[in-house]
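What follows is the content of run-v7.txt (compact mmCIF, C-alpha atoms).
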# COMPACT_ATOMS: atom_id res chain seq x y z
CA MET A 39 57.05 182.37 -119.30
CA ASN A 40 53.60 182.69 -117.88
CA LEU A 41 52.12 179.29 -117.33
CA ALA A 42 48.53 180.52 -117.48
CA GLU A 43 48.97 181.66 -121.09
CA ASN A 44 50.43 178.39 -122.18
CA PRO A 45 47.64 176.41 -123.85
CA PHE A 46 49.40 173.17 -122.99
CA ALA A 47 49.76 174.00 -119.34
CA LYS A 48 46.57 172.22 -118.47
CA ASP A 49 47.69 169.06 -120.18
CA ILE A 50 51.02 169.18 -118.55
CA SER A 51 49.56 169.70 -115.12
CA GLY A 52 47.02 166.96 -115.73
CA ARG A 53 49.71 164.51 -116.63
CA ALA A 54 52.20 165.58 -114.09
CA ALA A 55 49.80 165.22 -111.23
CA PRO A 56 47.32 162.51 -112.12
CA HIS A 57 46.45 161.91 -108.49
CA ALA A 58 44.75 165.32 -108.60
CA VAL A 59 42.07 163.61 -110.66
CA SER A 60 40.14 162.60 -107.58
CA PRO A 61 40.83 158.90 -107.12
CA ARG A 62 37.87 158.64 -104.79
CA GLY A 63 36.38 155.17 -104.82
CA ASN A 64 37.18 152.67 -107.52
CA ASP A 65 34.43 153.45 -110.00
CA PRO A 66 36.07 154.00 -113.41
CA ARG A 67 33.29 156.39 -114.37
CA LEU A 68 34.34 158.70 -111.54
CA TYR A 69 37.83 158.78 -112.92
CA SER A 70 36.95 159.67 -116.43
CA ALA A 71 34.34 162.17 -115.32
CA ALA A 72 36.94 163.87 -113.23
CA TRP A 73 39.30 163.70 -116.19
CA GLU A 74 36.78 165.53 -118.31
CA ARG A 75 36.06 168.06 -115.53
CA ALA A 76 39.74 168.84 -115.55
CA GLY A 77 39.20 170.17 -119.07
CA HIS A 78 40.32 167.24 -121.17
CA ARG A 79 38.20 166.40 -124.14
CA VAL A 80 37.82 162.67 -124.19
CA SER A 81 36.07 160.87 -126.97
CA GLN A 82 33.88 157.99 -125.90
CA GLY A 83 35.99 155.31 -127.55
CA LEU A 84 39.31 156.52 -126.27
CA ARG A 85 38.21 157.33 -122.74
CA PRO A 86 41.19 156.39 -120.62
CA GLU A 87 40.91 153.52 -118.26
CA PRO A 88 41.79 154.15 -114.63
CA ARG A 89 45.11 152.34 -114.85
CA ASP A 90 46.13 154.59 -117.74
CA LEU A 91 45.55 157.71 -115.66
CA ILE A 92 47.73 156.75 -112.78
CA GLU A 93 51.29 157.46 -113.62
CA SER A 94 53.17 154.26 -113.46
CA PRO A 95 56.91 153.96 -113.27
CA ALA A 96 58.60 153.30 -116.58
CA ARG A 97 58.64 149.57 -117.36
CA PRO A 98 61.41 149.00 -119.90
CA LEU A 99 61.16 145.23 -119.67
CA ARG A 100 57.47 145.30 -120.42
CA SER A 101 57.96 147.61 -123.40
CA LEU A 102 60.75 145.41 -124.66
CA ALA A 103 58.62 142.29 -124.31
CA PHE A 104 55.80 144.03 -126.19
CA LEU A 105 58.14 145.06 -129.00
CA MET A 106 59.72 141.61 -129.19
CA SER A 107 56.37 139.86 -129.33
CA VAL A 108 55.25 142.17 -132.17
CA LEU A 109 58.46 141.42 -134.07
CA GLY A 110 58.29 137.70 -133.33
CA LEU A 111 54.63 137.30 -134.20
CA GLY A 112 55.00 139.29 -137.43
CA THR A 113 57.98 137.24 -138.56
CA VAL A 114 56.36 133.90 -137.68
CA LEU A 115 53.10 134.84 -139.44
CA GLY A 116 54.94 136.09 -142.52
CA ILE A 117 57.19 133.05 -142.89
CA GLY A 118 54.39 130.65 -141.95
CA SER A 119 51.96 131.97 -144.55
CA ALA A 120 54.66 131.92 -147.24
CA ALA A 121 55.66 128.35 -146.32
CA LEU A 122 52.03 127.19 -146.39
CA ILE A 123 51.52 128.49 -149.92
CA VAL A 124 54.84 127.19 -151.25
CA GLU A 125 54.58 123.76 -149.58
CA ARG A 126 51.10 123.27 -151.00
CA GLU A 127 52.76 123.26 -154.44
CA ARG A 128 49.65 124.52 -156.14
CA PRO A 129 50.45 127.48 -158.38
CA PHE A 130 47.73 130.08 -158.63
CA ALA A 131 45.64 129.17 -161.63
CA THR A 132 45.20 131.88 -164.20
CA THR A 133 42.46 130.11 -166.14
CA SER A 134 39.99 127.45 -165.17
CA ILE A 135 37.26 125.46 -166.87
CA GLY A 136 34.97 123.94 -164.27
CA PRO A 137 37.21 122.08 -161.80
CA TRP A 138 40.14 122.08 -164.27
CA SER A 139 42.68 124.82 -163.78
CA ALA A 140 45.79 125.76 -165.72
CA SER A 141 48.59 128.25 -165.29
CA PRO A 142 49.90 128.77 -168.83
CA THR A 143 52.31 131.50 -167.68
CA ALA A 144 54.11 129.21 -165.21
CA GLY A 145 57.76 128.94 -166.13
CA THR A 146 57.73 132.03 -168.33
CA ALA A 147 58.89 135.58 -167.71
CA GLU A 148 55.27 136.59 -167.02
CA ALA A 149 54.83 134.09 -164.19
CA ASP A 150 53.62 135.46 -160.85
CA PRO A 151 56.13 135.41 -157.96
CA TYR A 152 54.24 132.62 -156.20
CA SER A 153 54.48 130.15 -159.07
CA VAL A 154 58.13 131.15 -159.61
CA ALA A 155 58.81 130.32 -155.94
CA ILE A 156 56.84 127.05 -156.14
CA TYR A 157 58.45 125.90 -159.38
CA THR A 158 62.04 126.70 -158.38
CA ARG A 159 61.68 125.25 -154.89
CA SER A 160 60.19 121.97 -156.08
CA ALA A 161 62.59 121.76 -159.10
CA ARG A 162 59.52 121.25 -161.25
CA VAL A 163 59.87 121.59 -165.01
CA PRO A 164 56.80 123.27 -166.51
CA LEU A 165 55.12 122.14 -169.71
CA ALA A 166 56.11 124.91 -172.12
CA LEU A 167 53.49 126.47 -174.36
CA GLY A 168 55.06 125.08 -177.52
CA GLU A 169 54.66 121.59 -176.08
CA GLY A 170 51.22 121.58 -174.55
CA LEU A 171 48.99 122.66 -171.71
CA ALA A 172 48.42 120.92 -168.38
CA LEU A 173 45.03 121.22 -166.68
CA THR A 174 44.70 119.90 -163.13
CA ALA A 175 41.60 119.22 -161.05
CA TYR A 176 41.61 118.97 -157.25
CA THR A 177 37.82 118.87 -156.88
CA ASP A 178 34.97 117.16 -158.68
CA SER A 179 32.43 119.11 -160.72
CA VAL A 180 30.30 119.70 -157.60
CA GLY A 181 33.26 121.31 -155.86
CA GLN A 182 34.06 118.54 -153.36
CA SER A 183 37.74 117.69 -152.85
CA LEU A 184 38.83 114.57 -154.70
CA SER A 185 39.50 111.58 -152.45
CA PRO A 186 41.69 108.62 -153.42
CA ALA A 187 39.24 106.27 -151.69
CA CYS A 188 36.40 107.12 -154.10
CA THR A 189 35.52 106.10 -157.62
CA TYR A 190 35.07 108.88 -160.17
CA ARG A 191 33.60 109.05 -163.63
CA ILE A 192 35.17 111.56 -166.01
CA THR A 193 32.93 112.17 -169.01
CA GLY A 194 32.85 114.54 -171.94
CA SER A 195 35.46 115.81 -174.35
CA THR A 196 38.61 117.90 -174.30
CA PRO A 197 39.60 120.97 -176.32
CA THR A 198 41.22 120.07 -179.62
CA ALA A 199 44.68 118.60 -179.25
CA ARG A 200 46.82 116.26 -181.29
CA MET A 201 46.90 113.93 -178.32
CA TRP A 202 46.43 114.05 -174.59
CA THR A 203 47.22 112.08 -171.48
CA LEU A 204 45.20 111.89 -168.27
CA SER A 205 47.03 110.99 -165.09
CA ALA A 206 46.08 110.52 -161.44
CA ALA A 207 48.42 111.63 -158.66
CA THR A 208 48.32 112.92 -155.10
CA ALA A 209 47.18 116.49 -154.48
CA LYS A 210 50.86 117.49 -154.62
CA GLY A 211 51.29 115.80 -157.99
CA GLU A 212 53.29 112.81 -156.72
CA MET A 213 52.87 109.42 -158.36
CA VAL A 214 51.29 106.55 -156.43
CA GLU A 215 51.41 102.75 -156.62
CA THR A 216 48.47 101.27 -158.46
CA LEU A 217 47.24 97.76 -159.17
CA ALA A 218 47.91 98.14 -162.89
CA GLY A 219 51.36 99.66 -162.41
CA ARG A 220 50.39 102.68 -164.52
CA THR A 221 48.86 105.95 -163.40
CA PHE A 222 47.76 107.34 -166.74
CA LEU A 223 45.62 106.96 -169.83
CA THR A 224 46.41 108.33 -173.25
CA SER A 225 44.07 109.44 -176.01
CA LEU A 226 45.74 106.99 -178.40
CA GLY A 227 44.05 103.82 -177.17
CA LEU A 228 40.86 105.38 -175.89
CA LEU A 229 37.36 103.96 -176.32
CA ARG A 230 35.02 106.68 -177.52
CA ALA A 231 31.29 106.97 -178.09
CA ASP A 232 29.91 107.65 -181.58
CA ASP A 233 29.86 111.40 -180.96
CA GLY A 234 33.52 111.44 -179.97
CA THR A 235 32.95 111.83 -176.24
CA PHE A 236 34.51 109.45 -173.77
CA THR A 237 33.93 108.06 -170.29
CA VAL A 238 36.86 107.30 -168.02
CA THR A 239 36.40 105.39 -164.77
CA ALA A 240 38.97 106.31 -162.13
CA SER A 241 38.99 103.68 -159.40
CA ARG A 242 41.27 101.44 -157.36
CA ALA A 243 39.79 98.22 -158.69
CA PRO A 244 39.98 97.35 -162.39
CA SER A 245 37.03 98.55 -164.40
CA SER A 246 35.78 97.88 -167.90
CA GLY A 247 36.13 100.50 -170.56
CA ASN A 248 38.67 103.30 -170.02
CA TRP A 249 40.17 102.60 -166.62
CA LEU A 250 42.37 105.14 -164.86
CA PRO A 251 43.93 103.28 -161.92
CA LEU A 252 43.99 105.04 -158.54
CA ALA A 253 46.29 104.38 -155.57
CA ARG A 254 46.30 100.77 -154.34
CA GLN A 255 46.48 101.93 -150.74
CA PRO A 256 44.69 105.27 -150.66
CA GLN A 257 45.98 107.76 -148.10
CA ALA A 258 43.26 110.30 -147.42
CA LEU A 259 45.87 112.86 -146.34
CA GLU A 260 47.73 112.65 -149.64
CA GLY A 261 44.63 113.64 -151.56
CA LEU A 262 44.01 113.11 -155.25
CA SER A 263 44.39 115.18 -158.38
CA PHE A 264 43.68 114.51 -162.05
CA THR A 265 45.82 116.14 -164.72
CA PHE A 266 44.99 116.42 -168.42
CA ARG A 267 48.03 117.24 -170.52
CA LEU A 268 46.91 118.45 -173.93
CA TYR A 269 49.85 118.14 -176.31
CA ASP A 270 50.14 120.36 -179.35
CA ALA A 271 46.84 122.03 -178.55
CA PRO A 272 45.72 125.31 -180.14
CA VAL A 273 44.49 126.37 -176.68
CA THR A 274 47.87 127.30 -175.33
CA THR A 275 47.04 130.86 -174.38
CA GLY A 276 44.66 131.82 -171.60
CA ALA A 277 42.45 133.89 -173.88
CA SER A 278 41.62 131.11 -176.27
CA LEU A 279 40.69 128.81 -173.40
CA GLU A 280 37.48 130.78 -172.94
CA GLY A 281 34.53 128.80 -174.22
CA ALA A 282 36.52 125.58 -174.22
CA VAL A 283 34.83 122.53 -172.74
CA MET A 284 36.47 120.05 -170.39
CA PRO A 285 35.09 116.75 -169.08
CA ARG A 286 32.89 116.57 -166.00
CA ILE A 287 34.10 114.74 -162.89
CA GLU A 288 31.37 112.87 -160.99
CA LYS A 289 31.78 110.92 -157.80
CA VAL A 290 30.32 107.44 -158.18
CA ALA A 291 30.95 105.82 -154.81
CA CYS A 292 33.30 105.90 -151.85
CA ARG A 293 34.48 103.20 -149.50
CA MET B 169 54.58 154.03 -124.40
CA SER B 170 52.84 152.34 -121.57
CA ILE B 171 51.85 155.72 -120.11
CA LEU B 172 50.87 157.71 -123.14
CA LEU B 173 48.62 155.24 -124.94
CA PRO B 174 45.47 153.65 -123.63
CA THR B 175 45.65 149.87 -123.39
CA ARG B 176 43.14 149.25 -126.16
CA LEU B 177 44.92 151.59 -128.54
CA ARG B 178 48.23 149.98 -127.69
CA LEU B 179 46.92 146.49 -128.46
CA GLY B 180 45.34 147.73 -131.69
CA LEU B 181 48.57 149.35 -132.82
CA GLY B 182 50.42 146.18 -131.86
CA ALA B 183 48.09 144.04 -134.00
CA LEU B 184 48.48 146.47 -136.89
CA ALA B 185 52.27 146.36 -136.56
CA VAL B 186 52.17 142.52 -136.52
CA LEU B 187 50.03 142.51 -139.67
CA ALA B 188 52.23 145.00 -141.53
CA LEU B 189 55.38 143.17 -140.51
CA SER B 190 54.00 139.77 -141.51
CA VAL B 191 53.01 141.11 -144.95
CA VAL B 192 56.52 142.49 -145.48
CA VAL B 193 58.15 139.24 -144.29
CA HIS B 194 55.77 137.15 -146.46
CA VAL B 195 56.64 139.12 -149.62
CA LEU B 196 60.36 139.01 -148.84
CA VAL B 197 60.29 135.23 -148.29
CA ILE B 198 58.39 134.58 -151.54
CA LEU B 199 60.78 136.78 -153.53
CA ALA B 200 63.87 135.29 -151.87
CA ILE B 201 63.00 131.62 -152.49
CA PRO B 202 64.07 131.48 -156.16
CA ARG B 203 67.51 132.87 -155.20
CA GLN B 204 67.97 130.59 -152.22
CA ALA B 205 66.66 127.33 -153.71
CA THR B 206 69.54 124.87 -153.44
CA HIS B 207 68.15 122.20 -155.71
CA SER B 208 66.82 123.74 -158.88
CA SER B 209 65.76 121.71 -161.90
CA TYR B 210 69.07 122.84 -163.50
CA SER B 211 71.14 121.32 -160.70
CA GLU B 212 68.92 118.20 -160.57
CA ALA B 213 69.55 117.65 -164.28
CA ALA B 214 73.24 117.08 -163.47
CA THR B 215 72.39 113.90 -161.56
CA PHE B 216 71.35 112.02 -164.71
CA GLY B 217 74.74 112.08 -166.43
CA PRO B 218 77.45 114.28 -167.95
CA ASP B 219 76.70 117.74 -169.31
CA ARG B 220 76.39 118.44 -173.04
CA GLN B 221 74.81 115.13 -173.94
CA PHE B 222 71.30 113.72 -173.72
CA ASN B 223 70.80 111.51 -170.68
CA LEU B 224 67.79 109.24 -170.50
CA LEU B 225 65.77 109.78 -167.32
CA PRO B 226 65.01 106.63 -165.31
CA PRO B 227 61.42 105.41 -165.69
CA LEU B 228 58.89 107.31 -163.58
CA ARG B 229 57.86 105.25 -160.55
CA ALA B 230 55.96 106.08 -157.39
CA GLY B 231 58.40 107.44 -154.82
CA ALA B 232 61.28 107.59 -157.34
CA GLU B 233 60.41 110.35 -159.75
CA PRO B 234 63.55 111.81 -161.34
CA LEU B 235 61.93 115.26 -161.57
CA PRO B 236 58.57 116.21 -160.03
CA GLY B 237 55.50 116.83 -162.14
CA LEU B 238 56.58 114.96 -165.27
CA ASP B 239 54.00 113.15 -167.38
CA PRO B 240 54.11 109.43 -166.43
CA ALA B 241 52.98 108.55 -169.96
CA MET B 242 56.10 110.09 -171.49
CA LYS B 243 59.75 109.16 -171.73
CA HIS B 244 62.22 111.93 -171.01
CA ALA B 245 65.83 112.84 -171.69
CA THR B 246 67.69 115.91 -170.47
CA CYS B 247 70.82 117.69 -171.62
CA ARG B 248 72.53 120.29 -169.47
CA TYR B 249 74.61 122.85 -171.33
CA GLN B 250 76.83 125.88 -170.83
CA LEU B 251 77.08 128.28 -173.73
CA ASP B 252 80.47 129.61 -172.59
CA ASN B 253 82.06 126.62 -174.37
CA GLY B 254 80.41 127.60 -177.68
CA PRO B 255 76.92 127.21 -179.15
CA VAL B 256 74.98 123.99 -178.57
CA LEU B 257 73.46 121.94 -181.36
CA PHE B 258 70.48 119.67 -180.73
CA THR B 259 69.60 116.98 -183.22
CA ALA B 260 67.19 114.11 -182.70
CA SER B 261 65.10 111.73 -184.72
CA VAL B 262 62.45 110.08 -182.60
CA PRO B 263 60.04 107.78 -184.45
CA VAL B 264 56.96 108.38 -182.27
CA PRO B 265 53.60 110.07 -182.88
CA PHE B 266 54.51 112.89 -180.52
CA TRP B 267 57.68 114.38 -179.15
CA SER B 268 58.51 117.82 -177.89
CA ILE B 269 61.54 119.67 -176.59
CA GLY B 270 61.71 122.55 -174.13
CA LEU B 271 64.77 124.70 -173.48
CA PHE B 272 65.02 126.14 -169.99
CA ASP B 273 67.54 128.48 -168.39
CA ASP B 274 69.15 127.77 -165.01
CA THR B 275 66.22 129.40 -163.16
CA GLY B 276 63.81 126.98 -164.86
CA GLU B 277 62.33 129.63 -167.14
CA VAL B 278 61.34 128.57 -170.66
CA ILE B 279 63.62 129.87 -173.42
CA TYR B 280 62.02 128.06 -176.33
CA SER B 281 59.84 125.06 -176.97
CA LEU B 282 58.55 123.14 -179.94
CA ASN B 283 56.97 119.80 -180.84
CA ASN B 284 57.37 117.49 -183.81
CA ARG B 285 54.66 119.28 -185.80
CA THR B 286 55.98 122.81 -185.25
CA ALA B 287 59.52 121.55 -185.95
CA GLY B 288 58.40 121.09 -189.55
CA SER B 289 60.01 117.67 -189.95
CA ASP B 290 60.49 114.46 -188.05
CA ILE B 291 64.10 115.36 -187.44
CA LEU B 292 64.99 117.98 -184.87
CA SER B 293 67.94 120.23 -185.61
CA MET B 294 68.22 123.29 -183.46
CA LEU B 295 71.10 125.60 -182.58
CA LEU B 296 71.18 127.50 -179.30
CA ILE B 297 73.54 130.46 -179.43
CA THR B 298 74.32 133.73 -177.69
CA PRO B 299 73.99 136.97 -179.71
CA GLU B 300 77.79 137.46 -179.63
CA GLN B 301 78.47 133.95 -180.91
CA LEU B 302 75.84 134.42 -183.64
CA SER B 303 77.47 137.59 -184.95
CA ILE B 304 80.79 135.75 -185.14
CA LEU B 305 79.10 132.79 -186.88
CA ARG B 306 77.43 135.09 -189.45
CA GLU B 307 80.80 136.36 -190.66
CA ASN B 308 81.58 132.90 -191.98
CA PRO B 309 78.27 131.01 -192.08
CA PRO B 310 78.30 127.23 -192.50
CA GLU B 311 76.29 125.86 -195.41
CA ASP B 312 73.56 124.18 -193.39
CA LEU B 313 72.85 127.17 -191.13
CA ASP B 314 69.56 127.95 -192.91
CA LYS B 315 68.33 124.42 -192.26
CA LEU B 316 68.73 124.87 -188.53
CA ILE B 317 66.30 126.42 -186.08
CA VAL B 318 68.55 129.10 -184.56
CA ILE B 319 67.62 130.36 -181.11
CA GLU B 320 69.38 133.29 -179.53
CA THR B 321 69.60 133.51 -175.76
CA ARG B 322 71.48 135.55 -173.20
CA ALA B 323 71.20 132.85 -170.52
CA SER B 324 74.55 131.05 -170.69
CA ARG B 325 73.49 128.02 -168.63
CA GLY B 326 70.44 125.83 -168.92
CA PHE B 327 69.04 122.47 -169.90
CA ALA B 328 66.87 120.87 -172.55
CA LEU B 329 64.10 118.41 -171.79
CA LEU B 330 63.09 116.07 -174.59
CA ARG B 331 59.73 114.32 -174.15
CA ALA B 332 58.58 111.44 -176.29
CA LEU B 333 55.42 109.38 -176.13
CA SER B 334 55.97 105.69 -176.52
CA PRO B 335 52.90 104.44 -178.42
CA ALA B 336 53.17 100.91 -177.05
CA ALA B 337 55.23 99.02 -174.51
CA ALA B 338 56.70 96.96 -177.33
CA ARG B 339 58.36 100.07 -178.74
CA ASP B 340 59.79 101.34 -175.45
CA LEU B 341 63.31 100.12 -176.24
CA GLU B 342 63.28 101.78 -179.63
CA VAL B 343 62.16 105.08 -178.10
CA ASP B 344 64.75 104.80 -175.34
CA LEU B 345 67.46 104.30 -177.94
CA ALA B 346 66.27 107.26 -180.01
CA LEU B 347 66.34 109.48 -176.92
CA LYS B 348 69.76 108.22 -175.88
CA THR B 349 71.27 108.80 -179.32
CA ALA B 350 69.82 112.29 -179.64
CA TYR B 351 72.69 114.71 -180.03
CA CYS B 352 73.37 117.66 -177.79
CA GLY B 353 76.83 119.14 -178.09
CA SER B 354 79.21 121.47 -179.83
CA PHE B 355 78.48 122.75 -183.32
CA SER B 356 81.22 122.57 -185.89

Output the structure of this file as structure tokens.
Amino acid sequence: MNLAENPFAKDISGRAAPHAVSPRGNDPRLYSAAWERAGHRVSQGLRPEPRDLIESPARPLRSLAFLMSVLGLGTVLGIGSAALIVERERPFATTSIGPWSASPTAGTAEADPYSVAIYTRSARVPLALGEGLALTAYTDSVGQSLSPACTYRITGSTPTARMWTLSAATAKGEMVETLAGRTFLTSLGLLRADDGTFTVTASRAPSSGNWLPLARQPQALEGLSFTFRLYDAPVTTGASLEGAVMPRIEKVACR
Amino acid sequence: MSILLPTRLRLGLGALAVLALSVVVHVLVILAIPRQATHSSYSEAATFGPDRQFNLLPPLRAGAEPLPGLDPAMKHATCRYQLDNGPVLFTASVPVPFWSIGLFDDTGEVIYSLNNRTAGSDILSMLLITPEQLSILRENPPEDLDKLIVIETRASRGFALLRALSPAAARDLEVDLALKTAYCGSFS
């Protein structure tokens, strides 16, 4: 076979004898210019660096290390991101009203894989649609994360329900010790204004009116969440939650 | 590899490979968790007492919650069942303003749920049955079958969670008793 007619001959010769590419001086520009003179088309972005032009002996250990670090990093990132989401124990909300979010499909066949993983791992029993709907807030109405060291005022009204309970817990939904020994309020013994709206004060220290006790010893790391559980509520599907109104959460003071 | 690819391209491809691999691993981990979970709500329900009877859950306290995410305002009772031993009948009469019951399979998925308004009466009577058992039952139906809420399911294992709101502390004992005496067992 005639080498001159082989269109790849130039490539082959260029690679086989890289030292022919004039390694005069150490200026990288000289290298790549010589590379181009030798007939190679080199785009600006992929212009080879000098060390790539000099044929180096095969380095199996280096290739292996590269491959292993890709595998290791990919596995660690994949498992880490999954663990972060599952350990946070906060199912992706499908509907939200202001700071209040609900996942009505949790625990049903239509649930997303994340909430299935979260619910089965934490052995959590969802509130089924025939029972009621749980709405949880992790932030106040301004969007700031709730803190157990602060006092909050929850004002307004809820969507229609036969009855509801409001409870305070950590951001993961765990119960905390309070001065009153309870961590909830129910709609049964609630003080309401003439127009049917209510004001709940969530604080560590006892408060007049509707008092929702918060943790006696607040741990900032544990966070705070409020959960409304509306029992026997017509708003049990995501669609009918649109236009529904939930109470506002305002921060009063922190200490 | 180290000869044929420029360093920058090699690093870029490496980063891309890491990203693709981490996405695959992430999805696999999320999908595998429900199968690998060693303590599901179904297995936790066994710790409260024998199967096929309602067991009252201990009161919810900070640091000692029987099951996570339950409403602290409510009182709860669970009954774990296996349908292989025949259909399961649930009956309860809880004198409170609100109670509800949810039936879950062993993966924690809801089979059926109702509350004291949708139940139509203050007394709960519900029969959980597999389609095969129902066709056998229909050949020789008992008289009170039409008074029961009959629920067909293919999941042979699961548990029921009965929730009741105690309207006042003074009535806690009465509610506890009603939950404890709720029936969950064989249908004859």

**Request:** Identify all chain B residues at most 7 Å from chain A by counting all atoms listed in the file; ligands do not count. Present them as a PyMOL selection string.
**Result:** chain B and resi 171+174+182+185-187+189-191+193-194+197-199+201-202+205+207-209+229-231+235-237+240-241+268+270+275-278+281-283

**Request:** Please indicate the distance in Å from atom CA of Met106 of chain A to atom CA of Arg176 of chain B, rounded to one decimal place.
**Result:**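 About the pair atom CA of Met106 of chain A and atom CA of Arg176 of chain B: they are 18.5 Å apart.
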
**Message:** Would you pick out the contacts of Pro137 of chain A at 8 Å or less, using all atoms listed in the file, so that residues sharing its chain but fewer than 2 positions from it are not included, and give the list as number ranges by chain?
**Reply:** A: 134-135, 139, 174-179, 181

**Message:** Just to confirm, what's the straight-line distance from atom CA of Ser293 of chain B to atom CA of Pro218 of chain B in Å (one decimal)?
**Reply:** 20.9 Å

**Request:** To one decimal in Å, tell me the separation between atom CA of Pro186 of chain A and atom CA of Leu268 of chain A.
**Result:** 23.3 Å

**Message:** Using all atoms listed in the file for the distances, tell me which of B:Thr259, B:Gln204, B:Ser324, B:Thr175 is nearest to Ile297 of chain B.
**Reply:** B:Ser324

**Request:** Rank nothing, just name the residue among B:Ile319, B:Ala245, B:Leu184, B:Leu196 nearest to Thr349 of chain B, using only C-alpha atoms.
**Result:**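 That would be B:Ala245, the residue with the smallest distance to Thr349 of chain B.
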
**Neighbour list for segment 302-311 of chain B as a ChimeraX atom specification, cut-off 10 Å, all atoms listed in the file, skip fewer than 5 positions in-chain** = /B:255,296-297,318-320,356

**Message:** Here is a test: counting all atoms listed in the file, which residue of A:Gly194, A:Pro272, A:Pro256, A:Gly281 is nearest to Arg293 of chain A?
**Reply:**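 The closest residue to Arg293 of chain A is A:Pro256.
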
Rebuild segment 219-230 of chain B so that it carries N, CA, C and O atoms, then output the result as a compact mmCIF listing (two decimals), in the coordinates of the input.
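Heads up, here's the output in result.txt:
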# COMPACT_ATOMS: atom_id res chain seq x y z
N ASP B 219 77.26 116.61 -168.60
CA ASP B 219 76.70 117.74 -169.31
C ASP B 219 76.95 117.59 -170.81
O ASP B 219 77.78 116.82 -171.24
N ARG B 220 76.23 118.38 -171.58
CA ARG B 220 76.39 118.44 -173.04
C ARG B 220 76.21 117.08 -173.70
O ARG B 220 76.98 116.68 -174.59
N GLN B 221 75.25 116.33 -173.23
CA GLN B 221 74.81 115.13 -173.94
C GLN B 221 73.44 114.75 -173.38
O GLN B 221 73.12 115.10 -172.24
N PHE B 222 72.63 114.09 -174.21
CA PHE B 222 71.30 113.72 -173.72
C PHE B 222 71.41 112.51 -172.82
O PHE B 222 72.05 111.51 -173.15
N ASN B 223 70.82 112.62 -171.63
CA ASN B 223 70.80 111.51 -170.68
C ASN B 223 69.36 111.06 -170.49
O ASN B 223 68.49 111.90 -170.20
N LEU B 224 69.13 109.77 -170.65
CA LEU B 224 67.79 109.24 -170.50
C LEU B 224 67.41 109.27 -169.02
O LEU B 224 68.19 108.84 -168.17
N LEU B 225 66.23 109.78 -168.71
CA LEU B 225 65.77 109.78 -167.32
C LEU B 225 65.28 108.39 -166.95
O LEU B 225 64.66 107.71 -167.77
N PRO B 226 65.55 107.94 -165.71
CA PRO B 226 65.01 106.63 -165.31
C PRO B 226 63.49 106.64 -165.38
O PRO B 226 62.87 107.71 -165.30
N PRO B 227 62.88 105.45 -165.57
CA PRO B 227 61.42 105.41 -165.69
C PRO B 227 60.75 106.02 -164.45
O PRO B 227 61.24 105.91 -163.33
N LEU B 228 59.62 106.67 -164.68
CA LEU B 228 58.89 107.31 -163.58
C LEU B 228 58.19 106.25 -162.76
O LEU B 228 57.38 105.48 -163.28
N ARG B 229 58.51 106.19 -161.47
CA ARG B 229 57.86 105.25 -160.55
C ARG B 229 57.44 106.00 -159.31
O ARG B 229 58.04 107.02 -158.98
N ALA B 230 56.43 105.45 -158.63
CA ALA B 230 55.96 106.08 -157.39
C ALA B 230 57.11 106.12 -156.39
O ALA B 230 57.80 105.14 -156.18
